[in-house]
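**Q** My structure is in model.cif, and what it holds is mmCIF, C-alpha atoms:
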```
data_entry
loop_
_atom_site.label_atom_id
_atom_site.label_comp_id
_atom_site.auth_asym_id
_atom_site.auth_seq_id
_atom_site.Cartn_x
_atom_site.Cartn_y
_atom_site.Cartn_z
CA MET A 44 0.00 0.00 0.00
CA LYS A 45 2.86 2.33 0.94
CA GLY A 46 4.64 1.54 -2.35
CA PHE A 47 1.41 2.15 -4.25
CA LEU A 48 0.91 5.57 -2.64
CA SER A 49 4.53 6.61 -3.15
CA GLY A 50 4.23 5.48 -6.81
CA LEU A 51 1.19 7.71 -7.19
CA LEU A 52 3.02 10.67 -5.66
CA ARG A 53 6.08 10.13 -7.86
CA LEU A 54 3.84 9.80 -10.97
CA ARG A 55 4.90 6.23 -11.76
CA ARG A 56 3.10 4.28 -14.49
CA GLY A 57 2.22 1.09 -12.55
CA PRO A 58 0.05 2.49 -9.75
CA TRP A 59 -1.58 5.12 -11.96
CA GLU A 60 -2.50 2.51 -14.57
CA LEU A 61 -3.88 0.33 -11.81
CA LEU A 62 -6.02 3.21 -10.59
CA ALA A 63 -7.22 3.99 -14.14
CA SER A 64 -8.02 0.31 -14.78
CA GLY A 65 -9.97 0.19 -11.53
CA LEU A 66 -11.99 3.23 -12.62
CA ILE A 67 -12.75 1.69 -16.04
CA GLY A 68 -13.80 -1.59 -14.42
CA LEU A 69 -15.98 0.26 -11.92
CA GLY A 70 -17.54 2.34 -14.72
CA VAL A 71 -18.39 -0.71 -16.82
CA PHE A 72 -19.87 -2.46 -13.79
CA MET A 73 -21.95 0.65 -13.02
CA LEU A 74 -23.13 0.74 -16.65
CA MET A 75 -24.34 -2.85 -16.70
CA GLN A 76 -25.45 -3.53 -13.12
CA PRO A 77 -29.16 -4.18 -12.55
CA PHE A 78 -29.42 -2.63 -9.06
CA VAL A 79 -29.53 1.19 -9.01
CA LEU A 80 -30.24 3.74 -11.75
CA TRP A 81 -27.99 6.44 -10.29
CA ALA A 82 -24.95 4.16 -10.78
CA PHE A 83 -25.94 3.77 -14.45
CA THR A 84 -26.27 7.55 -14.75
CA TRP A 85 -22.76 8.22 -13.46
CA SER A 86 -21.13 5.22 -15.16
CA PHE A 87 -20.09 7.03 -18.34
CA LEU A 88 -18.31 9.78 -16.44
CA VAL A 89 -16.37 7.20 -14.40
CA THR A 90 -15.45 5.13 -17.51
CA LEU A 91 -14.43 8.23 -19.47
CA THR A 92 -12.27 9.50 -16.59
CA GLY A 93 -10.63 6.09 -16.30
CA THR A 94 -10.03 5.79 -20.05
CA VAL A 95 -8.52 9.28 -20.40
CA MET A 96 -6.42 8.67 -17.27
CA PHE A 97 -5.24 5.33 -18.73
CA ILE A 98 -4.16 6.97 -22.01
CA ILE A 99 -2.25 9.70 -20.18
CA THR A 100 -0.67 7.53 -17.48
CA SER A 101 0.58 4.89 -19.93
CA HIS A 102 3.13 7.56 -20.95
CA PHE A 103 4.42 7.96 -17.39
CA PRO A 104 7.88 6.52 -16.55
CA GLU A 105 8.05 2.96 -15.13
CA MET B 246 15.63 -10.86 -71.26
CA PRO B 247 11.83 -11.16 -70.94
CA ASP B 248 9.84 -7.95 -71.12
CA THR B 249 7.97 -7.91 -67.76
CA PRO B 250 5.12 -5.52 -66.81
CA ILE B 251 7.52 -3.85 -64.34
CA ASP B 252 9.96 -3.13 -67.19
CA ARG B 253 7.15 -1.68 -69.31
CA LEU B 254 5.99 0.45 -66.35
CA ALA B 255 9.55 1.68 -65.75
CA ARG B 256 9.89 2.67 -69.43
CA ALA B 257 6.53 4.45 -69.36
CA THR B 258 7.47 6.56 -66.29
CA PRO B 259 8.34 10.12 -67.38
CA SER B 260 12.08 10.72 -67.00
CA SER B 261 11.56 13.79 -64.80
CA LEU B 262 9.48 11.76 -62.32
CA ALA B 263 11.96 8.86 -62.41
CA ARG B 264 14.84 11.25 -61.60
CA ARG B 265 12.87 12.69 -58.67
CA ALA B 266 12.02 9.21 -57.32
CA ARG B 267 15.67 8.11 -57.53
CA GLY B 268 16.63 11.06 -55.35
CA LEU B 269 14.27 10.11 -52.49
CA SER B 270 15.70 9.04 -49.14
CA ASP B 271 14.63 5.74 -47.48
CA ARG B 272 12.54 7.71 -45.01
CA ALA B 273 10.78 9.59 -47.81
CA ILE B 274 10.07 6.34 -49.67
CA ALA B 275 8.63 4.87 -46.45
CA TRP B 276 6.34 7.89 -46.15
CA VAL B 277 5.24 7.50 -49.77
CA PHE B 278 4.11 3.94 -49.00
CA VAL B 279 2.52 4.70 -45.63
CA THR B 280 0.69 7.92 -46.53
CA PRO B 281 -2.19 6.35 -48.50
CA THR B 282 -2.96 4.03 -45.56
CA ILE B 283 -2.85 6.91 -43.08
CA LEU B 284 -5.11 9.02 -45.32
CA LEU B 285 -7.55 6.12 -45.67
CA LEU B 286 -7.59 5.57 -41.90
CA LEU B 287 -8.17 9.28 -41.31
CA ALA B 288 -11.00 9.33 -43.85
CA ILE B 289 -12.88 6.22 -42.78
CA ASN B 290 -12.04 5.95 -39.05
CA ILE B 291 -10.83 9.15 -37.43
CA PHE B 292 -12.95 11.69 -39.31
CA PRO B 293 -16.29 9.85 -38.72
CA LEU B 294 -15.35 9.45 -35.05
CA ILE B 295 -14.69 13.17 -34.61
CA TRP B 296 -17.84 13.97 -36.61
CA THR B 297 -19.89 11.63 -34.38
CA VAL B 298 -18.54 13.36 -31.27
CA ARG B 299 -19.61 16.71 -32.77
CA LEU B 300 -23.07 15.40 -33.72
CA SER B 301 -23.59 13.99 -30.23
CA PHE B 302 -23.83 17.55 -28.90
CA THR B 303 -26.54 18.54 -31.42
CA ASN B 304 -30.15 17.69 -32.25
CA PHE B 305 -29.25 16.76 -35.85
CA ALA B 306 -31.60 14.34 -37.64
CA ALA B 307 -30.22 12.71 -40.80
CA ASN B 308 -33.66 12.52 -42.42
CA LYS B 309 -34.03 16.33 -42.10
CA PRO B 310 -30.79 17.61 -43.60
CA ASN B 311 -32.15 21.10 -44.17
CA ALA B 312 -33.52 21.57 -40.66
CA GLU B 313 -31.69 23.93 -38.34
CA VAL B 314 -29.12 22.08 -36.23
CA LYS B 315 -29.11 23.25 -32.62
CA TRP B 316 -26.28 22.82 -30.14
CA VAL B 317 -27.82 20.97 -27.16
CA GLY B 318 -24.68 20.50 -25.05
CA LEU B 319 -24.75 17.42 -22.85
CA ARG B 320 -28.54 16.94 -23.07
CA ASN B 321 -28.31 13.83 -25.30
CA TYR B 322 -25.90 12.17 -22.85
CA GLN B 323 -28.10 13.18 -19.91
CA ARG B 324 -31.22 11.69 -21.54
CA ILE B 325 -29.49 8.42 -22.43
CA LEU B 326 -27.95 7.95 -19.01
CA THR B 327 -31.22 8.54 -17.16
CA ASP B 328 -33.35 6.36 -19.45
CA PRO B 329 -34.50 3.10 -17.74
CA ASP B 330 -35.09 1.46 -21.17
CA ILE B 331 -31.47 1.97 -22.19
CA TRP B 332 -30.40 0.71 -18.78
CA GLN B 333 -32.44 -2.41 -19.53
CA THR B 334 -30.66 -2.92 -22.90
CA MET B 335 -27.31 -2.63 -21.09
CA GLN B 336 -28.36 -5.40 -18.71
CA ALA B 337 -29.50 -7.58 -21.63
CA THR B 338 -26.12 -6.99 -23.29
CA ALA B 339 -24.28 -7.81 -20.05
CA HIS B 340 -26.20 -11.09 -19.71
CA PHE B 341 -25.45 -12.00 -23.33
CA LEU B 342 -21.76 -11.05 -23.03
CA PHE B 343 -21.12 -12.83 -19.74
CA TRP B 344 -22.72 -16.15 -20.63
CA THR B 345 -21.48 -16.35 -24.22
CA LEU B 346 -17.91 -15.62 -23.17
CA LEU B 347 -18.02 -18.08 -20.28
CA LEU B 348 -19.56 -20.91 -22.31
CA GLN B 349 -17.37 -20.31 -25.35
CA VAL B 350 -14.16 -20.26 -23.31
CA VAL B 351 -15.03 -23.42 -21.35
CA LEU B 352 -16.37 -25.39 -24.33
CA GLY B 353 -13.76 -24.03 -26.78
CA PHE B 354 -10.90 -25.00 -24.47
CA ALA B 355 -12.42 -28.43 -23.77
CA LEU B 356 -12.86 -29.10 -27.50
CA ALA B 357 -9.32 -27.96 -28.26
CA TRP B 358 -8.02 -30.21 -25.47
CA LEU B 359 -9.84 -33.20 -26.99
CA ILE B 360 -8.96 -32.42 -30.60
CA ASN B 361 -5.29 -31.97 -29.67
CA ARG B 362 -5.04 -35.70 -28.92
CA LYS B 363 -3.89 -37.93 -31.77
CA PHE B 364 -6.72 -40.12 -33.07
CA ARG B 365 -8.11 -41.39 -36.36
CA GLY B 366 -10.26 -38.83 -38.18
CA ASN B 367 -8.80 -35.90 -36.22
CA ASP B 368 -8.68 -33.61 -39.29
CA LEU B 369 -12.23 -34.49 -40.33
CA MET B 370 -13.53 -33.79 -36.82
CA THR B 371 -11.76 -30.40 -36.76
CA THR B 372 -13.32 -29.47 -40.12
CA LEU B 373 -16.80 -30.53 -38.97
CA ILE B 374 -16.54 -28.60 -35.70
CA VAL B 375 -15.40 -25.46 -37.52
CA ILE B 376 -18.32 -25.41 -39.98
CA PRO B 377 -20.72 -23.25 -37.85
CA MET B 378 -18.37 -20.27 -37.81
CA MET B 379 -18.10 -20.37 -41.61
CA LEU B 380 -21.84 -19.82 -42.02
CA SER B 381 -23.46 -16.42 -42.44
CA PRO B 382 -25.16 -15.12 -39.25
CA ALA B 383 -28.33 -14.53 -41.30
CA VAL B 384 -28.41 -18.21 -42.33
CA VAL B 385 -27.66 -19.39 -38.78
CA GLY B 386 -30.38 -17.10 -37.39
CA ASN B 387 -32.87 -18.41 -39.92
CA PHE B 388 -32.34 -22.10 -39.37
CA TRP B 389 -32.16 -21.79 -35.57
CA THR B 390 -35.55 -20.05 -35.78
CA PHE B 391 -36.84 -23.29 -37.30
CA LEU B 392 -34.97 -25.43 -34.77
CA TYR B 393 -36.61 -23.44 -31.95
CA GLU B 394 -40.16 -23.87 -33.36
CA PRO B 395 -42.34 -25.31 -30.56
CA GLN B 396 -44.35 -27.53 -32.94
CA ILE B 397 -41.79 -28.73 -35.49
CA GLY B 398 -38.44 -27.65 -34.03
CA LEU B 399 -35.74 -30.23 -33.48
CA PHE B 400 -34.43 -28.40 -30.42
CA ASN B 401 -37.70 -28.71 -28.53
CA TYR B 402 -37.90 -32.41 -29.42
CA ALA B 403 -34.35 -32.94 -28.20
CA VAL B 404 -35.27 -31.27 -24.89
CA GLU B 405 -38.35 -33.51 -24.67
CA PHE B 406 -36.24 -36.59 -25.38
CA PHE B 407 -33.57 -35.81 -22.78
CA ALA B 408 -35.50 -33.88 -20.10
CA GLY B 409 -39.03 -35.12 -20.54
CA ILE B 410 -40.49 -31.60 -20.94
CA PRO B 411 -43.22 -31.69 -23.65
CA ALA B 412 -41.89 -30.10 -26.87
CA SER B 413 -44.91 -27.92 -27.52
CA SER B 414 -45.09 -26.64 -23.93
CA PHE B 415 -42.38 -24.02 -24.30
CA SER B 416 -41.14 -21.56 -26.91
CA MET B 417 -37.48 -20.62 -26.74
CA LEU B 418 -37.91 -17.44 -28.77
CA GLY B 419 -41.34 -16.43 -27.49
CA SER B 420 -40.74 -16.75 -23.76
CA VAL B 421 -39.42 -13.80 -21.75
CA ALA B 422 -37.43 -16.15 -19.52
CA LEU B 423 -36.00 -18.35 -22.30
CA ALA B 424 -35.29 -15.90 -25.16
CA PRO B 425 -32.08 -14.45 -23.59
CA TRP B 426 -30.80 -18.03 -23.26
CA ALA B 427 -31.87 -18.90 -26.82
CA ILE B 428 -29.54 -16.24 -28.25
CA VAL B 429 -26.74 -17.32 -25.92
CA ILE B 430 -27.07 -20.92 -27.15
CA VAL B 431 -26.95 -19.93 -30.83
CA ASP B 432 -23.98 -17.61 -30.43
CA THR B 433 -22.16 -20.27 -28.42
CA TRP B 434 -22.91 -22.89 -31.07
CA MET B 435 -21.64 -20.61 -33.80
CA TRP B 436 -18.50 -19.16 -32.20
CA THR B 437 -17.15 -21.87 -29.88
CA PRO B 438 -15.15 -23.31 -32.82
CA PHE B 439 -13.35 -19.97 -33.14
CA VAL B 440 -12.22 -20.11 -29.51
CA MET B 441 -11.34 -23.77 -30.05
CA LEU B 442 -9.07 -22.93 -32.99
CA ILE B 443 -7.21 -20.25 -31.02
CA CYS B 444 -6.82 -22.59 -28.02
CA LEU B 445 -5.66 -25.35 -30.35
CA ALA B 446 -2.93 -23.06 -31.69
CA GLY B 447 -1.90 -22.43 -28.07
CA LEU B 448 -1.89 -26.13 -27.17
CA ARG B 449 0.12 -27.06 -30.25
CA SER B 450 2.71 -24.40 -29.44
CA ILE B 451 3.62 -26.20 -26.20
CA PRO B 452 6.67 -28.38 -26.88
CA ASP B 453 6.37 -32.10 -26.01
CA TYR B 454 9.64 -32.11 -24.06
CA ILE B 455 8.06 -30.01 -21.30
CA TYR B 456 5.51 -32.75 -20.67
CA GLU B 457 8.23 -35.41 -20.94
CA ALA B 458 10.25 -33.56 -18.28
CA ALA B 459 7.15 -33.34 -16.07
CA GLU B 460 6.59 -37.09 -16.50
CA VAL B 461 10.17 -37.72 -15.41
CA ASP B 462 9.52 -35.56 -12.33
CA ARG B 463 6.38 -37.63 -11.69
CA ALA B 464 4.02 -34.68 -11.94
CA SER B 465 0.41 -35.84 -12.10
CA LYS B 466 -1.73 -35.11 -15.18
CA TRP B 467 -3.81 -32.74 -13.06
CA ARG B 468 -0.72 -30.79 -11.96
CA GLN B 469 0.65 -30.74 -15.53
CA PHE B 470 -2.65 -29.28 -16.68
CA TRP B 471 -2.82 -26.47 -14.10
CA THR B 472 0.87 -25.55 -13.92
CA MET B 473 1.89 -25.99 -17.55
CA THR B 474 -0.99 -26.23 -20.01
CA VAL B 475 -3.24 -23.49 -18.61
CA PRO B 476 -0.51 -20.82 -18.10
CA MET B 477 0.91 -21.46 -21.60
CA VAL B 478 -2.50 -21.31 -23.31
CA LEU B 479 -3.65 -18.31 -21.25
CA PRO B 480 -2.39 -15.57 -23.65
CA PHE B 481 -4.21 -17.30 -26.53
CA LEU B 482 -7.34 -17.69 -24.45
CA MET B 483 -7.23 -14.01 -23.44
CA LEU B 484 -6.90 -13.04 -27.10
CA ALA B 485 -9.96 -15.13 -27.95
CA VAL B 486 -11.92 -13.48 -25.12
CA LEU B 487 -10.88 -10.03 -26.39
CA PHE B 488 -12.03 -10.80 -29.94
CA ARG B 489 -15.30 -12.42 -28.86
CA GLY B 490 -15.97 -9.77 -26.22
CA ILE B 491 -15.68 -6.90 -28.69
CA GLU B 492 -17.69 -8.79 -31.32
CA ASN B 493 -20.47 -9.72 -28.90
CA PHE B 494 -20.67 -6.22 -27.46
CA LYS B 495 -21.76 -5.08 -30.92
CA MET B 496 -23.77 -8.21 -31.75
CA PHE B 497 -26.57 -7.32 -34.15
CA ASP B 498 -27.33 -9.59 -37.12
CA LEU B 499 -27.80 -12.93 -35.37
CA VAL B 500 -30.08 -11.55 -32.66
CA VAL B 501 -32.15 -9.47 -35.09
CA GLN B 502 -32.70 -12.59 -37.18
CA LEU B 503 -33.62 -14.70 -34.16
CA THR B 504 -35.75 -12.48 -31.95
CA GLY B 505 -35.64 -8.94 -33.35
CA GLY B 506 -34.99 -7.79 -29.78
CA GLY B 507 -38.14 -9.41 -28.36
CA PRO B 508 -40.21 -10.64 -26.72
CA GLY B 509 -40.78 -7.16 -25.29
CA SER B 510 -37.24 -5.90 -24.91
CA THR B 511 -35.67 -8.94 -23.24
CA THR B 512 -33.13 -9.51 -26.03
CA LEU B 513 -32.84 -5.90 -27.13
CA LEU B 514 -29.05 -5.51 -27.17
CA THR B 515 -27.40 -2.09 -27.29
CA SER B 516 -26.47 -2.31 -30.98
CA ILE B 517 -30.08 -3.11 -31.96
CA GLU B 518 -31.40 -0.22 -29.87
CA LEU B 519 -28.73 2.05 -31.37
CA LYS B 520 -29.74 1.09 -34.91
CA ARG B 521 -33.40 1.80 -34.10
CA GLU B 522 -32.60 5.22 -32.67
CA ALA B 523 -30.35 6.11 -35.61
CA PHE B 524 -32.20 4.69 -38.60
CA GLU B 525 -35.82 4.13 -37.54
CA LYS B 526 -36.44 7.11 -35.24
CA TRP B 527 -33.79 9.20 -37.05
CA ARG B 528 -32.47 10.78 -33.86
CA THR B 529 -28.94 11.12 -35.22
CA GLY B 530 -27.57 13.43 -32.49
CA TYR B 531 -29.00 11.26 -29.73
CA SER B 532 -27.77 8.02 -31.31
CA SER B 533 -24.31 9.57 -31.85
CA ALA B 534 -24.10 10.21 -28.10
CA TYR B 535 -25.22 6.61 -27.52
CA ALA B 536 -22.51 5.35 -29.91
CA ILE B 537 -19.86 7.43 -28.14
CA ILE B 538 -20.86 5.94 -24.77
CA LEU B 539 -20.51 2.43 -26.19
CA PHE B 540 -17.22 3.33 -27.90
CA VAL B 541 -15.66 4.69 -24.71
CA THR B 542 -16.78 1.58 -22.80
CA VAL B 543 -15.30 -0.85 -25.33
CA PHE B 544 -12.15 1.26 -25.76
CA GLY B 545 -11.57 1.43 -22.00
CA LEU B 546 -12.10 -2.28 -21.54
CA ALA B 547 -9.92 -3.18 -24.52
CA SER B 548 -7.11 -0.92 -23.20
CA ILE B 549 -6.87 -2.63 -19.83
CA TYR B 550 -7.33 -6.01 -21.44
CA VAL B 551 -4.46 -5.51 -23.92
CA LYS B 552 -2.29 -4.35 -21.01
CA ALA B 553 -3.14 -7.51 -19.06
CA LEU B 554 -2.49 -9.62 -22.15
CA ASN B 555 0.99 -8.11 -22.56
CA LYS B 556 1.74 -8.80 -18.88
CA VAL B 557 0.72 -12.44 -19.27
CA LYS B 558 2.89 -12.77 -22.40
CA GLU B 559 5.91 -11.29 -20.56
CA ARG B 560 5.71 -13.95 -17.81
#
```
Just give me the structure as structure tokens.

**A**
Amino acid sequence: MKGFLSGLLRLRRGPWELLASGLIGLGVFMLMQPFVLWAFTWSFLVTLTGTVMFIITSHFPE
Amino acid sequence: MPDTPIDRLARATPSSLARRARGLSDRAIAWVFVTPTILLLLAINIFPLIWTVRLSFTNFAANKPNAEVKWVGLRNYQRILTDPDIWQTMQATAHFLFWTLLLQVVLGFALAWLINRKFRGNDLMTTLIVIPMMLSPAVVGNFWTFLYEPQIGLFNYAVEFFAGIPASSFSMLGSVALAPWAIVIVDTWMWTPFVMLICLAGLRSIPDYIYEAAEVDRASKWRQFWTMTVPMVLPFLMLAVLFRGIENFKMFDLVVQLTGGGPGSTTLLTSIELKREAFEKWRTGYSSAYAIILFVTVFGLASIYVKALNKVKER
């Protein structure tokens, strides 16, 4: 956890990509879940944030 | 020396042009070859994508080209993402995606595992298994509609034979509970051979000496399977899931032919709903926003998936 946080602070690719992947996964789950409409409503914003973050952070140093 | 078409072409090239071409650097020649492809990609991929993004913020309707186009901001996105009917289509798509991928991976791998063994008629069996994926989705949809007929369908009679449920007591395509499974069965029947072929390529790429070494070390078949076969086939399997996942997310033809999205909206997948909005209701701006939402979802998923695939390959 400490390594993950320090990686985030030092703008390292691994932890940032992990965070972006988590956001994309969460967004897709929110889009397709059958439980609450508000999660569906906000799903696109979460997926878009994750996708843009993924594109940017994949250019960060290892 | 024979006079080839290349020689004739070289002779026909104007000398001024030939002189200019001879003076080109390697880098310039590379650009000359690559430019048409880049231009084509820009024209048929990038430009329509940017244009769709622009349209998604307007109320443009393609059947009213002369009507005034108004900028509506994020209203199209807001309407889509608060619409319970679209939410329902997303759930139908999720059900279809999850079960088709799961069944195709399990059955495809199992078939590949069996076909990989040496036996008489191996090639014939492979050819027979692969036939469904060679057929047109329209043809498959049509004949499965007949197979699912409650009165004359072979499928219902097979269920009666094996499970004892009367053939005419249920309709796979007409029942709200069964229709989502009917499309899963047909897609699995059609595309399992594709997953099988990819898995087979993976299984055949594993050298025999690895298994021989494991035998010498007295590793059980079960252990060989989980510690050698599965990890070595995993990149191939992931590739198959990526291809099938993207394809099934935009599944259209097969389902339209089978159920047309019905009964009600139980098999109304996102691509069918998108087509209706775009080309039946002619809400081009709205459907562009819908398409962008689907694009971002698939793009995001594919990005993390390709990353995971590369990690597995590096191991």

**Q** Pick out the chain B residues within 9 Å of chain A. Count only C-alpha atoms. Give them as a list in words.

**A**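 Here they are: Tyr322, Gln323, Ile325, Leu326, Thr327, Asp328, Pro329, Trp332, Gln333, Thr334, Met335, Gln336, Ala337, Thr338, Ala339, His340, Ile538, Val541, Thr542, Phe544, Gly545, Leu546, Ser548 and Ile549 of chain B.
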
**Q** Could you list the residues chosen by the PyMOL selection byres ((chain B and resi 559) around 12) in this structure as a PyMOL selection string?

**A** chain B and resi 476-477+479-480+552-558+560

**Q** Evaluate the PyMOL selection byres ((chain B and resi 318-320) around 12) against this structure - the residues, as a short mmCIF file (atom, residue, chain, number, x, y, z; two decimals) with C-alpha atoms, in the frame of the given file, please.

**A**
```
data_model
loop_
_atom_site.label_atom_id
_atom_site.label_comp_id
_atom_site.auth_asym_id
_atom_site.auth_seq_id
_atom_site.Cartn_x
_atom_site.Cartn_y
_atom_site.Cartn_z
CA LEU A 88 -18.31 9.78 -16.44
CA VAL B 298 -18.54 13.36 -31.27
CA ARG B 299 -19.61 16.71 -32.77
CA LEU B 300 -23.07 15.40 -33.72
CA SER B 301 -23.59 13.99 -30.23
CA PHE B 302 -23.83 17.55 -28.90
CA THR B 303 -26.54 18.54 -31.42
CA ASN B 304 -30.15 17.69 -32.25
CA LYS B 315 -29.11 23.25 -32.62
CA TRP B 316 -26.28 22.82 -30.14
CA VAL B 317 -27.82 20.97 -27.16
CA ASN B 321 -28.31 13.83 -25.30
CA TYR B 322 -25.90 12.17 -22.85
CA GLN B 323 -28.10 13.18 -19.91
CA ARG B 324 -31.22 11.69 -21.54
CA ILE B 325 -29.49 8.42 -22.43
CA LEU B 326 -27.95 7.95 -19.01
CA THR B 327 -31.22 8.54 -17.16
CA GLY B 530 -27.57 13.43 -32.49
CA TYR B 531 -29.00 11.26 -29.73
CA SER B 533 -24.31 9.57 -31.85
CA ALA B 534 -24.10 10.21 -28.10
CA TYR B 535 -25.22 6.61 -27.52
#
```

**Q** Can you work out which one of B:Ala485, B:Leu269, B:Met441, B:Leu418 has the shortest atom-to-atom distance to Gly509 in chain B, counting all atoms listed in the file?

**A** B:Leu418

**Q** In the coordinate frame of the file, compute which residues have an atom within 7 Å of (-30.8, 14.3, -37.8) when using all atoms listed in the file, and state them as a VMD selection string.

**A** chain B and resid 304 to 310 527 to 530

**Q** In Å, how far is it from CA of Pro508 in chain B to CA of Ser420 in chain B?

**A**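 Interatomic distance here is 6.8 Å.
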
**Q** Using Å and a single decimal, report how far CA of Leu69 in chain A sits from CA of Tyr550 in chain B.

**A**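 One can read the CA of Tyr550 in chain B to CA of Leu69 in chain A distance as 14.3 Å.
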
**Q** Mind giving me the straight-line distance from CA of Val385 in chain B to CA of Trp434 in chain B in Å, one decimal?

**A**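 One can read the CA of Val385 in chain B to CA of Trp434 in chain B distance as 9.7 Å.
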
**Q** Which residue is closest to Gly490 in chain B? Choose from B:Phe400, B:Trp358, B:Trp436, B:Trp389 and count all atoms listed in the file.

**A**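 Ranking B:Phe400, B:Trp358, B:Trp436, B:Trp389 by distance to Gly490 in chain B, first place goes to B:Trp436.
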
**Q** I would like the residues chosen by the PyMOL selection byres ((chain A and resi 53-59) around 7) on the shown file; could you give them as a list of chain:residue names?

**A**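 Applying the PyMOL selection byres ((chain A and resi 53-59) around 7) to the structure shown produces A:Phe47, A:Ser49, A:Gly50, A:Leu51, A:Leu52, A:Glu60, A:Leu61, A:Leu62, A:Ala63, A:Thr100, A:Ser101, A:Phe103, A:Pro104, A:Glu105.
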
**Q** Mind dumping the selected residues with C-alpha atoms as a PDB file, in the coordinates of the input?

**A**
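Output (selection29.pdb):
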```pdb
ATOM      1  CA  PHE A  47       1.410   2.150  -4.250  1.00  0.00           C
ATOM      2  CA  SER A  49       4.530   6.610  -3.150  1.00  0.00           C
ATOM      3  CA  GLY A  50       4.230   5.480  -6.810  1.00  0.00           C
ATOM      4  CA  LEU A  51       1.190   7.710  -7.190  1.00  0.00           C
ATOM      5  CA  LEU A  52       3.020  10.670  -5.660  1.00  0.00           C
ATOM      6  CA  GLU A  60      -2.500   2.510 -14.570  1.00  0.00           C
ATOM      7  CA  LEU A  61      -3.880   0.330 -11.810  1.00  0.00           C
ATOM      8  CA  LEU A  62      -6.020   3.210 -10.590  1.00  0.00           C
ATOM      9  CA  ALA A  63      -7.220   3.990 -14.140  1.00  0.00           C
ATOM     10  CA  THR A 100      -0.670   7.530 -17.480  1.00  0.00           C
ATOM     11  CA  SER A 101       0.580   4.890 -19.930  1.00  0.00           C
ATOM     12  CA  PHE A 103       4.420   7.960 -17.390  1.00  0.00           C
ATOM     13  CA  PRO A 104       7.880   6.520 -16.550  1.00  0.00           C
ATOM     14  CA  GLU A 105       8.050   2.960 -15.130  1.00  0.00           C
TER      15      GLU A 105
END
```

**Q** Model the absent atoms of range 511-524 of chain B so that N, CA and C atoms are present, and write the result as a tab-separated table (two decimals), in the coordinates of the input.

**A**
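This went into selection_14.tsv:
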```
chain	number	residue	atom	x	y	z
B	511	THR	N	-36.56	-8.06	-24.01
B	511	THR	CA	-35.67	-8.94	-23.24
B	511	THR	C	-34.36	-9.25	-23.96
B	512	THR	N	-34.39	-9.24	-25.31
B	512	THR	CA	-33.13	-9.51	-26.03
B	512	THR	C	-32.70	-8.29	-26.84
B	513	LEU	N	-33.20	-7.14	-26.42
B	513	LEU	CA	-32.84	-5.90	-27.13
B	513	LEU	C	-31.43	-5.49	-26.69
B	514	LEU	N	-30.43	-5.84	-27.51
B	514	LEU	CA	-29.05	-5.51	-27.17
B	514	LEU	C	-28.78	-4.06	-27.58
B	515	THR	N	-27.68	-3.52	-27.07
B	515	THR	CA	-27.40	-2.09	-27.29
B	515	THR	C	-27.29	-1.75	-28.78
B	516	SER	N	-26.66	-2.63	-29.56
B	516	SER	CA	-26.47	-2.31	-30.98
B	516	SER	C	-27.81	-2.26	-31.72
B	517	ILE	N	-28.77	-3.11	-31.31
B	517	ILE	CA	-30.08	-3.11	-31.96
B	517	ILE	C	-30.83	-1.82	-31.60
B	518	GLU	N	-30.75	-1.46	-30.33
B	518	GLU	CA	-31.40	-0.22	-29.87
B	518	GLU	C	-30.77	0.99	-30.58
B	519	LEU	N	-29.45	0.95	-30.71
B	519	LEU	CA	-28.73	2.05	-31.37
B	519	LEU	C	-29.17	2.19	-32.82
B	520	LYS	N	-29.30	1.06	-33.50
B	520	LYS	CA	-29.74	1.09	-34.91
B	520	LYS	C	-31.16	1.66	-35.01
B	521	ARG	N	-32.02	1.30	-34.08
B	521	ARG	CA	-33.40	1.80	-34.10
B	521	ARG	C	-33.43	3.31	-33.89
B	522	GLU	N	-32.62	3.77	-32.94
B	522	GLU	CA	-32.60	5.22	-32.67
B	522	GLU	C	-32.05	5.98	-33.88
B	523	ALA	N	-31.02	5.39	-34.52
B	523	ALA	CA	-30.35	6.11	-35.61
B	523	ALA	C	-31.12	6.03	-36.92
B	524	PHE	N	-31.66	4.86	-37.25
B	524	PHE	CA	-32.20	4.69	-38.60
B	524	PHE	C	-33.69	4.37	-38.66
```
